[in-house]
Protein chains: 2
Amino acid sequence: MKKIALIEDDADLYSLLEYNLQKEGYTVVGAQTGKGAVELFRRERPDLIILDIMLPDSDGLEICKRVRAHPDLAHIPILFLTARASETDRILGLELGGNDYIVKPFFVRELIARVRVHFREPANGASVLKVGDLELDRPRRQVRLRGRPVALTATEFRLLEYLMSRPGVVFTRDQLLDAVWGHDRAVTDRTVDVYILRLRQKLEDDPANPSFLRSVRGFGYSFAEQTAAPAEV
Amino acid sequence: MKKIALIEDDADLYSLLEYNLQKEGYTVVGAQTGKGAVELFRRERPDLIILDIMLPDSDGLEICKRVRAHPDLAHIPILFLTARASETDRILGLELGGNDYIVKPFFVRELIARVRVHFREPANGASVLKVGDLELDRPRRQVRLRGRPVALTATEFRLLEYLMSRPGVVFTRDQLLDAVWGHDRAVTDRTVDVYILRLRQKLEDDPANPSFLRSVRGFGYSFAEQTAAPAEV
DNA sequence: GGCACCGGTTACGGAACTGTGACAGGGTAA
DNA sequence: TTACCCTGTCACAGTTCCGTAACCGGTGCC
């Protein structure tokens, strides 16, 4: 499901972590060198990065800085793994953009637990999303419009769920494909358009004048923040 | 700015942390007992909770569980602070809903750094740029002037975003073309002029006397640093 | 004062983008 | 097996947006 990039030069430790992460259900990509790490990230788009600081050929902190400077990678959590235990080292790692800092030696199961913390849903919000007349009931996998259930297919539901989880935020087609279809997608971005169309036909009173699913020309789509806000000229 | 709830029974440690957190600019609310902690959270709605596990009158893990079960508090990050260092203790704390687990003794500045990680904007700069009356909301792809949304096209938005991200800095037309249109551009530099014009028409009260988008004759354009600074004669 | 240069403005054709209907392939249930 | 539904793609059309050329007025240099 989730993809983790692992950069660790110690072959034994690499294998140990790879094995344990895979046992937890994560996909592991990685390398035992720091060279080409950023290129690896760009290619693989991991959901989290586990990064050794002291690598034989390069510096983990430097890699971290480059990740944070790259617009498409900057959001990825980085978990440092290092023998450097001093106060300044710890602070430096966290200040430079690290999201966690684990000092060797460490408990493998604690590392796993910390990885899971990063993937844990922020318990963000109720299990029922509600915007205007529209309700999305996660546990029941049901969408209600003015109380009436609307039949959605699986993909339609996931797309709507993602858009409704952050009302007002505009997503590009690529972001939606990543979030709804998954990283290993083999899908045209125009597919998103078609699903937006289908959702509009099912949800909007007047599909030609959408009040829920807004197009943002040149960028992508968003779920309208307020149900009100009539289209001004 | 941000409010932190601190639950720690050791009076010396409590004072030390309170002092250091306040020095960092955080508001600190808290108690040296576990009783009434959840009520405190409900009343104060902190942005983050620092929680000792071994309290004389109650159990920090229990408090954590109750926070996670409360719909209005469930999203608040919890940072455990404890002398329990065993593998199972660490895993338990993280599994039960903790976002971080710090073992005593610890470096105060590391704790501060970890707190800051939780408040850090997802890296690449602020998500809302603000200059005077003008706001550029990146996730919403929206520009607001005195609170009123202004409709911009994709290219207008990108150009404004770039200029606003470095207020006061003057860019040549070539720099703007590189940054906004991309290196492989096949565009005349006069195109920039036209977009500046269009932005002025949409943003400036008096397009003939621009207060946001300044021309710098012979060089290029810049976004005015301060909204004030009336045009002196 | 004349002249070259620079930036502001307008209008227009073409490119790019989105909405939409139709369709093929695959999976599933009766 | 058959029929249906879901999924993803394509092609076409309408609309919007983009970029350019051209014209204009102002500025500063000589």
# chains A, B, ... in the order shown; residues from 1 in each chain; ligands from 1
$ calpha_fit_rmsd --fixed "chain A" --moving "chain B"
16.8 Å
$ residues_around --residues "segment 2-5 of chain D" --least-positions-apart "5" --cutoff "10 Å" --atoms "only C-alpha atoms (C1' of nucleotides)" --output "number ranges by chain"
A: 153; C: 27-30
$ write_last_selection --atoms "N, CA, C and O atoms (P, O5', C5', C4', C3', O3' and C1' of nucleotides)" --output "PDB file, in the first residue's frame"
ATOM      1  N   THR A 153     -20.424   4.592  -7.423  1.00  0.00           N
ATOM      2  CA  THR A 153     -19.502   3.472  -7.566  1.00  0.00           C
ATOM      3  C   THR A 153     -18.305   3.700  -6.650  1.00  0.00           C
ATOM      4  O   THR A 153     -18.133   4.778  -6.080  1.00  0.00           O
TER       5      THR A 153
ATOM      6  P    DG C  27     -10.372  -9.124 -15.338  1.00  0.00           P
ATOM      7  O5'  DG C  27     -11.467  -9.044 -14.187  1.00  0.00           O
ATOM      8  C5'  DG C  27     -11.725  -7.797 -13.546  1.00  0.00           C
ATOM      9  C4'  DG C  27     -13.142  -7.784 -13.022  1.00  0.00           C
ATOM     10  C3'  DG C  27     -13.550  -9.090 -12.316  1.00  0.00           C
ATOM     11  O3'  DG C  27     -13.998  -8.785 -11.019  1.00  0.00           O
ATOM     12  C1'  DG C  27     -15.187  -8.430 -13.921  1.00  0.00           C
ATOM     13  P    DT C  28     -14.283  -9.908  -9.972  1.00  0.00           P
ATOM     14  O5'  DT C  28     -15.875  -9.898  -9.891  1.00  0.00           O
ATOM     15  C5'  DT C  28     -16.579  -8.657  -9.983  1.00  0.00           C
ATOM     16  C4'  DT C  28     -18.068  -8.919 -10.026  1.00  0.00           C
ATOM     17  C3'  DT C  28     -18.501 -10.214  -9.326  1.00  0.00           C
ATOM     18  O3'  DT C  28     -19.704  -9.981  -8.620  1.00  0.00           O
ATOM     19  C1'  DT C  28     -19.246 -10.240 -11.549  1.00  0.00           C
ATOM     20  P    DA C  29     -20.066 -10.938  -7.409  1.00  0.00           P
ATOM     21  O5'  DA C  29     -21.640 -11.075  -7.604  1.00  0.00           O
ATOM     22  C5'  DA C  29     -22.387  -9.951  -8.074  1.00  0.00           C
ATOM     23  C4'  DA C  29     -23.611 -10.428  -8.833  1.00  0.00           C
ATOM     24  C3'  DA C  29     -24.272 -11.666  -8.227  1.00  0.00           C
ATOM     25  O3'  DA C  29     -25.680 -11.531  -8.285  1.00  0.00           O
ATOM     26  C1'  DA C  29     -23.656 -12.105 -10.458  1.00  0.00           C
ATOM     27  P    DA C  30     -26.580 -12.516  -7.483  1.00  0.00           P
ATOM     28  O5'  DA C  30     -27.586 -13.027  -8.608  1.00  0.00           O
ATOM     29  C5'  DA C  30     -28.183 -12.082  -9.494  1.00  0.00           C
ATOM     30  C4'  DA C  30     -28.638 -12.795 -10.757  1.00  0.00           C
ATOM     31  C3'  DA C  30     -29.487 -14.040 -10.500  1.00  0.00           C
ATOM     32  O3'  DA C  30     -30.566 -14.086 -11.398  1.00  0.00           O
ATOM     33  C1'  DA C  30     -27.622 -14.602 -11.830  1.00  0.00           C
TER      34       DA C  30
END
$ atom_distance --atom1 "atom CA of Tyr101 of chain B" --atom2 "atom CA of Leu81 of chain B"
6.2 Å
$ interface_residues --of "chain C" --to "chain B" --cutoff "8 Å" --atoms "only C-alpha atoms (C1' of nucleotides)" --output "ChimeraX atom specification"
/C:6-8
$ select_by_dssp --residues "segment 18-161 of chain B" --states "strand (DSSP E)" --output "PyMOL selection string"
chain B and resi 27-31+48-52+78-82+100-103+128-131+134-137+142-145+148-150
$ interface_residues --of "chain A" --to "chain B" --cutoff "8 Å" --atoms "only C-alpha atoms" --output "ChimeraX atom specification"
/A:68-69,71,74-75,87,90-91,94-95,97-100,107,109-110,113-114,117,122-126,168-171,217-219
$ closest_atom_pairs --of "chain D" --to "chain A" --cutoff "9 Å" --atoms "only C-alpha atoms (C1' of nucleotides)" --output "JSON lines"
{"residue": "D:DC6", "atom": "C1'", "partner": "A:Thr153", "partner_atom": "CA", "distance": 7.5}
{"residue": "D:DT7", "atom": "C1'", "partner": "A:Thr155", "partner_atom": "CA", "distance": 8.9}
{"residue": "D:DG8", "atom": "C1'", "partner": "A:Thr191", "partner_atom": "CA", "distance": 6.5}
{"residue": "D:DT9", "atom": "C1'", "partner": "A:Thr191", "partner_atom": "CA", "distance": 7.8}
{"residue": "D:DT16", "atom": "C1'", "partner": "A:Arg217", "partner_atom": "CA", "distance": 8.7}
$ residues_around --residues "Ala83 of chain B" --least-positions-apart "2" --cutoff "8 Å" --atoms "only C-alpha atoms (C1' of nucleotides)" --output "list in words"
Leu81, Ala85, Val103, Lys104 and Pro105 of chain B
$ write_last_selection --atoms "N, CA and C atoms" --output "tab-separated table (two decimals), in the first residue's frame"
chain	number	residue	atom	x	y	z
B	81	LEU	N	5.97	12.29	27.42
B	81	LEU	CA	7.20	12.66	28.11
B	81	LEU	C	7.27	11.73	29.31
B	85	ALA	N	11.24	3.69	29.52
B	85	ALA	CA	12.03	3.63	28.30
B	85	ALA	C	11.98	2.28	27.60
B	103	VAL	N	11.85	10.17	25.96
B	103	VAL	CA	12.23	9.50	27.20
B	103	VAL	C	13.09	10.42	28.05
B	104	LYS	N	12.73	10.53	29.32
B	104	LYS	CA	13.55	11.29	30.27
B	104	LYS	C	14.77	10.48	30.64
B	105	PRO	N	15.93	11.09	30.86
B	105	PRO	CA	16.15	12.54	30.69
B	105	PRO	C	16.29	12.90	29.21
$ atom_distance --atom1 "atom CA of Val180 of chain A" --atom2 "atom CA of Trp181 of chain B"
29.2 Å
$ residues_around --residues "segment 46-61 of chain B" --least-positions-apart "2" --cutoff "8 Å" --atoms "only C-alpha atoms (C1' of nucleotides)" --output "JSON, numbers by chain"
{"B": [2, 3, 4, 5, 6, 7, 8, 9, 33, 34, 35, 41, 44, 63, 64, 65, 76, 77, 78, 79, 80, 81, 82, 93, 96]}
$ select_by_dssp --residues "segment 73-202 of chain A" --states "helix (DSSP H, G or I)" --output "ChimeraX atom specification"
/A:87-95,108-119,154-165,173-181,190-202
$ atom_distance --atom1 "atom CA of Arg214 of chain B" --atom2 "atom CA of Arg144 of chain B"
19.1 Å
$ residues_around --residues "Phe212 of chain A" --least-positions-apart "2" --cutoff "7 Å" --atoms "only C-alpha atoms (C1' of nucleotides)" --output "tab-separated table (two decimals) with N, CA, C and O atoms, in the first residue's frame"
chain	number	residue	atom	x	y	z
A	210	PRO	N	-22.45	23.69	-11.72
A	210	PRO	CA	-22.15	22.91	-10.52
A	210	PRO	C	-22.05	23.79	-9.30
A	210	PRO	O	-21.46	24.88	-9.34
A	214	ARG	N	-16.35	22.19	-8.29
A	214	ARG	CA	-15.91	23.34	-9.05
A	214	ARG	C	-14.72	22.99	-9.94
A	214	ARG	O	-13.78	22.34	-9.48
A	223	PHE	N	-13.75	20.92	-4.21
A	223	PHE	CA	-15.10	20.84	-3.69
A	223	PHE	C	-15.44	22.18	-3.05
A	223	PHE	O	-14.67	22.68	-2.24
A	224	ALA	N	-16.57	22.77	-3.44
A	224	ALA	CA	-16.90	24.12	-2.99
A	224	ALA	C	-16.96	24.18	-1.48
A	224	ALA	O	-17.48	23.30	-0.82
$ residues_around --residues "DG13 of chain C" --least-positions-apart "5" --cutoff "12 Å" --atoms "only C-alpha atoms (C1' of nucleotides)" --output "list in words"
DC18, DG19, DT20 and DA21 of chain D
$ write_last_selection --atoms "N, CA and C atoms (P, O5', C5', C4', C3', O3' and C1' of nucleotides)" --output "PDB file, in the first residue's frame"
ATOM      1  P    DC D  18      -4.120  32.248 -19.347  1.00  0.00           P
ATOM      2  O5'  DC D  18      -3.176  32.220 -20.619  1.00  0.00           O
ATOM      3  C5'  DC D  18      -3.014  30.995 -21.315  1.00  0.00           C
ATOM      4  C4'  DC D  18      -2.292  31.237 -22.611  1.00  0.00           C
ATOM      5  C3'  DC D  18      -1.127  32.214 -22.497  1.00  0.00           C
ATOM      6  O3'  DC D  18       0.029  31.616 -23.042  1.00  0.00           O
ATOM      7  C1'  DC D  18      -2.602  32.875 -24.248  1.00  0.00           C
ATOM      8  P    DG D  19       1.452  32.204 -22.718  1.00  0.00           P
ATOM      9  O5'  DG D  19       1.786  33.035 -24.034  1.00  0.00           O
ATOM     10  C5'  DG D  19       1.800  32.338 -25.256  1.00  0.00           C
ATOM     11  C4'  DG D  19       1.802  33.321 -26.401  1.00  0.00           C
ATOM     12  C3'  DG D  19       2.868  34.414 -26.285  1.00  0.00           C
ATOM     13  O3'  DG D  19       3.689  34.342 -27.430  1.00  0.00           O
ATOM     14  C1'  DG D  19       0.732  35.350 -26.790  1.00  0.00           C
ATOM     15  P    DT D  20       4.882  35.361 -27.682  1.00  0.00           P
ATOM     16  O5'  DT D  20       4.304  36.292 -28.843  1.00  0.00           O
ATOM     17  C5'  DT D  20       3.609  35.684 -29.922  1.00  0.00           C
ATOM     18  C4'  DT D  20       3.006  36.757 -30.813  1.00  0.00           C
ATOM     19  C3'  DT D  20       3.925  37.955 -31.025  1.00  0.00           C
ATOM     20  O3'  DT D  20       4.183  38.078 -32.409  1.00  0.00           O
ATOM     21  C1'  DT D  20       1.720  38.650 -30.391  1.00  0.00           C
ATOM     22  P    DA D  21       5.288  39.086 -32.952  1.00  0.00           P
ATOM     23  O5'  DA D  21       4.376  40.194 -33.637  1.00  0.00           O
ATOM     24  C5'  DA D  21       3.259  39.789 -34.421  1.00  0.00           C
ATOM     25  C4'  DA D  21       2.374  40.985 -34.685  1.00  0.00           C
ATOM     26  C3'  DA D  21       3.135  42.268 -35.061  1.00  0.00           C
ATOM     27  O3'  DA D  21       2.505  42.878 -36.172  1.00  0.00           O
ATOM     28  C1'  DA D  21       1.730  42.662 -33.180  1.00  0.00           C
TER      29       DA D  21
END
$ closest_residue --among "D:DT15, D:DC10, D:DG25, D:DT1" --to "DA16 of chain C" --atoms "only C-alpha atoms (C1' of nucleotides)"
D:DT15
